[in-house]
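Below is final-v5.txt, which holds compact mmCIF, C-alpha atoms (C1' of nucleotides).
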# COMPACT_ATOMS: atom_id res chain seq x y z
CA MET A 1 14.45 16.50 -0.84
CA GLU A 2 12.95 15.19 -4.07
CA ALA A 3 13.91 11.56 -3.40
CA ALA A 4 11.07 9.09 -3.96
CA LYS A 5 10.83 8.17 -0.31
CA HIS A 6 8.10 10.32 1.12
CA ASP A 7 5.23 8.20 2.27
CA VAL A 8 1.83 9.33 3.47
CA PHE A 9 2.86 9.13 7.14
CA GLN A 10 5.68 11.60 6.64
CA ALA A 11 3.62 13.78 4.32
CA ILE A 12 0.92 14.44 6.90
CA ALA A 13 3.40 14.95 9.74
CA ASP A 14 3.68 18.66 8.99
CA PRO A 15 0.82 21.02 9.97
CA THR A 16 1.39 23.24 6.93
CA ARG A 17 0.94 20.25 4.64
CA ARG A 18 -2.21 19.17 6.47
CA LYS A 19 -3.59 22.67 6.02
CA VAL A 20 -2.78 22.56 2.31
CA MET A 21 -4.68 19.29 2.05
CA ARG A 22 -7.71 20.83 3.71
CA LEU A 23 -7.64 23.71 1.27
CA LEU A 24 -7.47 21.37 -1.70
CA ALA A 25 -10.20 19.13 -0.30
CA ASP A 26 -12.77 21.77 -1.13
CA LYS A 27 -11.50 22.72 -4.57
CA GLU A 28 -8.38 22.67 -6.70
CA LEU A 29 -6.22 25.76 -6.47
CA PRO A 30 -3.22 27.41 -8.15
CA ILE A 31 -0.06 27.81 -6.06
CA SER A 32 -0.56 31.55 -5.71
CA GLU A 33 -3.97 31.01 -4.16
CA ILE A 34 -2.60 28.39 -1.78
CA CYS A 35 0.16 30.80 -0.72
CA SER A 36 -2.37 33.50 0.12
CA HIS A 37 -3.47 31.35 3.07
CA PHE A 38 0.00 31.29 4.62
CA THR A 39 2.60 33.76 5.80
CA ILE A 40 5.63 31.68 4.79
CA SER A 41 7.37 32.16 1.45
CA ARG A 42 6.13 30.78 -1.87
CA THR A 43 9.32 28.72 -2.14
CA ALA A 44 8.55 27.00 1.15
CA ILE A 45 5.03 26.20 -0.01
CA THR A 46 6.38 24.78 -3.26
CA LYS A 47 8.58 22.38 -1.29
CA HIS A 48 5.62 21.21 0.75
CA LEU A 49 3.68 20.69 -2.49
CA HIS A 50 6.53 18.56 -3.81
CA ILE A 51 6.48 16.38 -0.71
CA LEU A 52 2.70 15.95 -0.96
CA SER A 53 3.11 15.10 -4.65
CA GLU A 54 5.70 12.45 -3.87
CA ALA A 55 3.26 10.85 -1.46
CA GLU A 56 0.74 11.07 -4.32
CA LEU A 57 -1.67 12.96 -2.12
CA ILE A 58 -1.89 15.82 -4.61
CA SER A 59 -1.07 16.41 -8.25
CA GLY A 60 -0.58 19.55 -10.31
CA LYS A 61 -1.58 20.26 -13.88
CA LYS A 62 -0.23 23.24 -15.74
CA ILE A 63 -2.87 25.47 -17.29
CA GLY A 64 -1.40 28.42 -19.10
CA ARG A 65 1.11 29.96 -16.74
CA GLU A 66 -0.65 28.62 -13.67
CA LYS A 67 -0.14 25.28 -12.00
CA ILE A 68 -3.35 23.98 -10.48
CA TYR A 69 -3.10 21.48 -7.65
CA SER A 70 -5.79 19.04 -6.67
CA LEU A 71 -6.16 16.49 -3.88
CA HIS A 72 -5.94 12.74 -4.33
CA PRO A 73 -6.98 11.22 -1.02
CA GLU A 74 -6.46 7.60 -2.10
CA PRO A 75 -3.11 7.12 -0.25
CA LEU A 76 -4.92 7.94 2.98
CA THR A 77 -6.32 4.42 2.86
CA GLU A 78 -2.89 3.25 4.01
CA LEU A 79 -3.34 5.40 7.08
CA ARG A 80 -6.88 4.15 7.60
CA GLU A 81 -5.69 0.58 7.45
CA TRP A 82 -2.86 1.28 9.85
CA LEU A 83 -5.28 2.94 12.27
CA SER A 84 -7.81 0.13 12.00
CA TYR A 85 -5.36 -2.11 13.84
CA TYR A 86 -5.86 0.01 16.94
CA GLU A 87 -9.62 0.28 16.65
CA ARG A 88 -10.07 -2.63 19.00
CA PHE A 89 -9.01 -0.25 21.78
CA TRP A 90 -12.12 1.84 21.23
CA ASN A 91 -14.46 -1.03 22.03
CA ASN A 92 -15.86 -0.98 18.54
CA LYS A 93 -17.64 -4.31 18.33
CA LEU A 94 -17.15 -4.84 14.61
CA SER A 95 -13.42 -4.13 14.50
CA MET A 96 -12.95 -6.14 17.68
CA LEU A 97 -14.55 -9.04 15.89
CA LYS A 98 -12.38 -8.52 12.82
CA TYR A 99 -9.30 -8.51 15.06
CA TYR A 100 -10.19 -11.80 16.67
CA VAL A 101 -10.86 -13.36 13.26
CA GLU A 102 -7.42 -12.25 12.12
CA GLU A 103 -5.83 -13.65 15.25
CA ALA A 104 -7.59 -16.96 14.70
CA GLU A 105 -6.46 -17.06 11.08
CA ASP A 106 -2.85 -16.37 12.09
CA GLU A 107 -2.89 -19.36 14.38
CA SER A 108 -4.27 -21.74 11.79
CA MET B 1 14.70 16.41 21.04
CA GLU B 2 12.89 16.31 24.39
CA ALA B 3 10.91 19.50 23.73
CA ALA B 4 7.20 19.16 24.47
CA LYS B 5 6.23 19.55 20.85
CA HIS B 6 5.93 16.08 19.46
CA ASP B 7 2.40 15.48 18.36
CA VAL B 8 0.83 12.22 17.27
CA PHE B 9 1.31 13.03 13.57
CA GLN B 10 5.05 13.37 13.96
CA ALA B 11 5.28 10.42 16.30
CA ILE B 12 3.81 7.98 13.80
CA ALA B 13 5.81 9.38 10.88
CA ASP B 14 8.71 7.03 11.59
CA PRO B 15 8.42 3.32 10.67
CA THR B 16 10.50 2.25 13.67
CA ARG B 17 8.10 4.02 16.02
CA ARG B 18 5.09 2.46 14.28
CA LYS B 19 6.68 -0.96 14.73
CA VAL B 20 7.26 -0.25 18.43
CA MET B 21 3.59 0.65 18.77
CA ARG B 22 2.58 -2.63 17.19
CA LEU B 23 4.78 -4.54 19.60
CA LEU B 24 3.27 -2.76 22.59
CA ALA B 25 -0.27 -3.20 21.29
CA ASP B 26 -0.12 -6.87 22.19
CA LYS B 27 1.54 -6.53 25.57
CA GLU B 28 3.72 -4.22 27.62
CA LEU B 29 7.45 -4.80 27.28
CA PRO B 30 10.78 -3.74 28.82
CA ILE B 31 13.19 -1.77 26.64
CA SER B 32 15.53 -4.71 26.26
CA GLU B 33 12.73 -6.83 24.82
CA ILE B 34 11.73 -4.06 22.43
CA CYS B 35 15.35 -3.77 21.28
CA SER B 36 15.52 -7.45 20.46
CA HIS B 37 13.14 -6.81 17.57
CA PHE B 38 15.48 -4.27 15.95
CA THR B 39 19.03 -4.13 14.67
CA ILE B 40 19.64 -0.50 15.65
CA SER B 41 21.23 0.46 18.95
CA ARG B 42 19.45 0.56 22.29
CA THR B 43 20.16 4.29 22.51
CA ALA B 44 18.36 4.89 19.22
CA ILE B 45 15.35 2.92 20.47
CA THR B 46 15.34 4.93 23.69
CA LYS B 47 15.11 8.14 21.69
CA HIS B 48 12.15 6.81 19.74
CA LEU B 49 10.51 5.81 23.03
CA HIS B 50 10.98 9.36 24.29
CA ILE B 51 9.27 10.77 21.21
CA LEU B 52 6.36 8.33 21.58
CA SER B 53 6.12 9.27 25.28
CA GLU B 54 5.97 12.97 24.44
CA ALA B 55 3.06 12.27 22.12
CA GLU B 56 1.57 10.34 25.06
CA LEU B 57 1.20 7.24 22.92
CA ILE B 58 3.19 5.15 25.38
CA SER B 59 4.30 5.41 28.98
CA GLY B 60 6.96 3.63 30.99
CA LYS B 61 6.90 2.47 34.58
CA LYS B 62 10.05 1.45 36.35
CA ILE B 63 9.94 -1.97 37.97
CA GLY B 64 13.15 -2.86 39.70
CA ARG B 65 15.91 -2.11 37.27
CA GLU B 66 13.67 -2.56 34.25
CA LYS B 67 11.50 0.04 32.60
CA ILE B 68 8.29 -1.42 31.22
CA TYR B 69 6.55 0.41 28.40
CA SER B 70 2.88 0.15 27.54
CA LEU B 71 0.73 1.58 24.78
CA HIS B 72 -1.82 4.36 25.26
CA PRO B 73 -3.74 4.59 22.01
CA GLU B 74 -5.97 7.52 23.09
CA PRO B 75 -4.05 10.22 21.16
CA LEU B 76 -4.80 8.30 17.97
CA THR B 77 -8.31 9.72 18.18
CA GLU B 78 -6.83 13.00 16.95
CA LEU B 79 -5.66 11.15 13.87
CA ARG B 80 -9.03 9.44 13.46
CA GLU B 81 -10.78 12.77 13.63
CA TRP B 82 -8.40 14.30 11.14
CA LEU B 83 -8.94 11.39 8.79
CA SER B 84 -12.71 11.50 9.16
CA TYR B 85 -12.70 14.80 7.28
CA TYR B 86 -11.61 12.93 4.17
CA GLU B 87 -14.00 10.04 4.58
CA ARG B 88 -16.49 11.74 2.30
CA PHE B 89 -14.15 10.83 -0.54
CA TRP B 90 -14.78 7.14 0.06
CA ASN B 91 -18.52 7.54 -0.57
CA ASN B 92 -19.33 6.59 2.96
CA LYS B 93 -22.94 7.72 3.29
CA LEU B 94 -22.83 8.44 7.01
CA SER B 95 -19.70 10.57 7.01
CA MET B 96 -20.90 12.32 3.87
CA LEU B 97 -24.01 13.25 5.79
CA LYS B 98 -21.97 14.42 8.77
CA TYR B 99 -19.89 16.57 6.45
CA TYR B 100 -22.90 18.29 4.97
CA VAL B 101 -24.31 18.93 8.43
CA GLU B 102 -21.04 20.56 9.44
CA GLU B 103 -21.05 22.68 6.31
CA ALA B 104 -24.60 23.82 7.04
CA GLU B 105 -23.68 24.67 10.63
CA ASP B 106 -20.67 26.70 9.47
CA GLU B 107 -22.89 28.83 7.30
CA SER B 108 -25.41 29.58 10.00
C1' DT C 1 30.44 -6.76 48.39
C1' DT C 2 31.49 -7.49 44.06
C1' DG C 3 29.87 -8.07 39.59
C1' DA C 4 26.57 -8.28 36.01
C1' DA C 5 22.20 -6.43 33.99
C1' DG C 6 19.36 -2.64 32.67
C1' DT C 7 18.88 1.89 31.76
C1' DA C 8 20.16 6.93 31.37
C1' DA C 9 22.95 10.67 29.84
C1' DA C 10 26.37 12.97 27.16
C1' DA C 11 28.99 14.09 23.12
C1' DC C 12 29.26 13.57 18.47
C1' DC C 13 28.00 13.04 13.38
C1' DA C 14 25.59 12.90 8.72
C1' DT C 15 21.44 13.84 6.60
C1' DT C 16 16.92 15.84 6.29
C1' DT C 17 13.63 19.54 7.22
C1' DG C 18 11.71 23.81 6.87
C1' DG C 19 12.78 27.98 5.87
C1' DT C 20 15.12 32.13 3.33
C1' DG C 21 16.54 35.04 -0.91
C1' DT C 22 17.98 35.47 -5.75
C1' DT C 23 17.80 34.36 -10.42
C1' DA C 24 15.75 32.37 -14.48
C1' DT C 25 12.02 30.89 -17.59
C1' DA C 26 7.50 30.64 -19.62
C1' DT C 27 3.01 32.90 -20.53
C1' DA C 28 -0.49 36.59 -20.99
C1' DA C 29 -1.76 41.20 -21.90
C1' DT C 30 -0.95 45.79 -23.47
C1' DA D 1 8.06 44.06 -28.47
C1' DT D 2 7.75 44.94 -23.73
C1' DT D 3 6.16 44.32 -19.37
C1' DA D 4 3.83 42.12 -15.65
C1' DT D 5 2.50 37.54 -13.76
C1' DA D 6 3.14 32.74 -12.28
C1' DT D 7 6.14 29.33 -11.41
C1' DA D 8 10.69 26.82 -11.28
C1' DA D 9 15.46 26.28 -10.01
C1' DC D 10 19.49 27.47 -7.23
C1' DA D 11 22.31 28.30 -3.42
C1' DC D 12 22.31 28.87 1.29
C1' DC D 13 21.23 28.32 6.41
C1' DA D 14 19.69 26.86 11.24
C1' DA D 15 17.62 23.39 13.56
C1' DA D 16 15.78 18.80 13.98
C1' DT D 17 16.24 13.63 12.97
C1' DG D 18 18.09 9.36 13.35
C1' DG D 19 21.85 7.26 14.30
C1' DT D 20 26.48 6.18 16.71
C1' DT D 21 29.88 5.31 20.88
C1' DT D 22 31.31 6.16 25.50
C1' DT D 23 30.51 6.91 30.23
C1' DA D 24 27.91 6.73 34.44
C1' DC D 25 24.21 5.26 37.63
C1' DT D 26 20.86 1.76 39.77
C1' DT D 27 19.44 -2.60 41.08
C1' DC D 28 19.47 -7.52 41.53
C1' DA D 29 22.00 -11.77 42.57
C1' DA D 30 25.80 -14.66 43.83
Target encoding structure tokens, full file:
Amino acid sequence: MEAAKHDVFQAIADPTRRKVMRLLADKELPISEICSHFTISRTAITKHLHILSEAELISGKKIGREKIYSLHPEPLTELREWLSYYERFWNNKLSMLKYYVEEAEDES
Amino acid sequence: MEAAKHDVFQAIADPTRRKVMRLLADKELPISEICSHFTISRTAITKHLHILSEAELISGKKIGREKIYSLHPEPLTELREWLSYYERFWNNKLSMLKYYVEEAEDES
DNA sequence: TTGAAGTAAAACCATTTGGTGTTATATAAT
DNA sequence: ATTATATAACACCAAATGGTTTTACTTCAA
């Protein structure tokens, strides 16, 4: 489970992990506080935190006996970029234009 | 595996499925043609197509003995909306504004 | 009508996921 | 020094994933 192969796509696939991200988006929190928002066991939460850490979406710093987790949204850019490919389907003029430019460049 | 519980987040978690989506973004294709872009078995591809269908990201119509799949990017809006929550981290003025408006509305 | 092409369905398998409980270790407070 | 708190580390389990091969069913074409 701790293998270095969890990417952002897999990390956000689970609703519990997405909820954790939302919690941390507002402010950094210790594990115990995160757990208080769920009914599942602390161990389960810890595993989700590990997966999010592997994807580098969160990081934890130890302060005293507490471990405080905070969000690092940078890897979400990969998702944004992936999504942008499909933006041409939402008749967004700008992205449509960008798509055609790319197409033209590919052919040159 | 065919349970009606595959959402868009899970569907895009797999790199094979993302590649299939890219293929279908350009034009609709029969299964055999999709398979030609991969080394894994046709059966494996079929399973991925089922998962994408459940998430309503693709659909297949049977023409003669072939089944032609095409992309339906609409469910990606759920992903876009989810992502938009984190846009405030990329100092995008507009989404920052939208975020503060939401916050204000929540408190009223 | 016989055969090939295209897909579907079934049975199977190894690994991963998402969860549990128990035990251990480090820190803070009395 | 002892006890309570916060987390980490194990061992375990059921179900889902991602893959395989084999078998069967349609449909087109010679």
Compile the residues of chain B that lie within 8 Å of chain A, evaluated using all atoms listed in the file, and express the compilation as a list in words.
Phe9, Gln10, Ile12, Ala13, Asp14, Ala25, Pro73, Leu76, Arg80, Leu83, Tyr86 and Phe89 of chain B
Nearest candidate to chain A (options D:DA1, D:DA8, D:DC13, D:DC28; using all atoms listed in the file):
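That would be D:DA8, the residue with the smallest distance to chain A.
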List every residue of chain D that has an atom at most 7 Å from any atom of chain B, and for each one report the closest atom pair and its distance in Å to one decimal, counting only C-alpha atoms (C1' of nucleotides), with rows sorted by chain and then by increasing residue number, as a tab-separated table.
residue	atom	partner	partner_atom	distance
D:DG19	C1'	B:Ala44	CA	6.5
D:DT26	C1'	B:Arg65	CA	6.8
D:DT27	C1'	B:Arg65	CA	5.2
Show me, as a VMD selection string, the residues of chain C whose atoms get within 10 Å of chain B, using only C-alpha atoms (C1' of nucleotides) for the distance check.
chain C and resid 5 to 8
Find the distance between CA of Ile63 (chain A) and CA of His6 (chain A) and write it in Å to one decimal.
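Distance between the two atoms: 26.2 Å.
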Quick check, in Å to one decimal: how far apart do C1' of DT7 (chain D) and C1' of DT22 (chain C) lie?
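That distance, rounded to one decimal, is 14.5 Å.
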In Å and to one decimal, CA of Ser70 (chain B) is distant from CA of Glu33 (chain B) by 12.4 Å
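Nearest residue to Ile58 (chain A), choosing from A:Leu29, A:Leu71, A:Leu23, A:Cys35 and counting only C-alpha atoms: A:Leu71.
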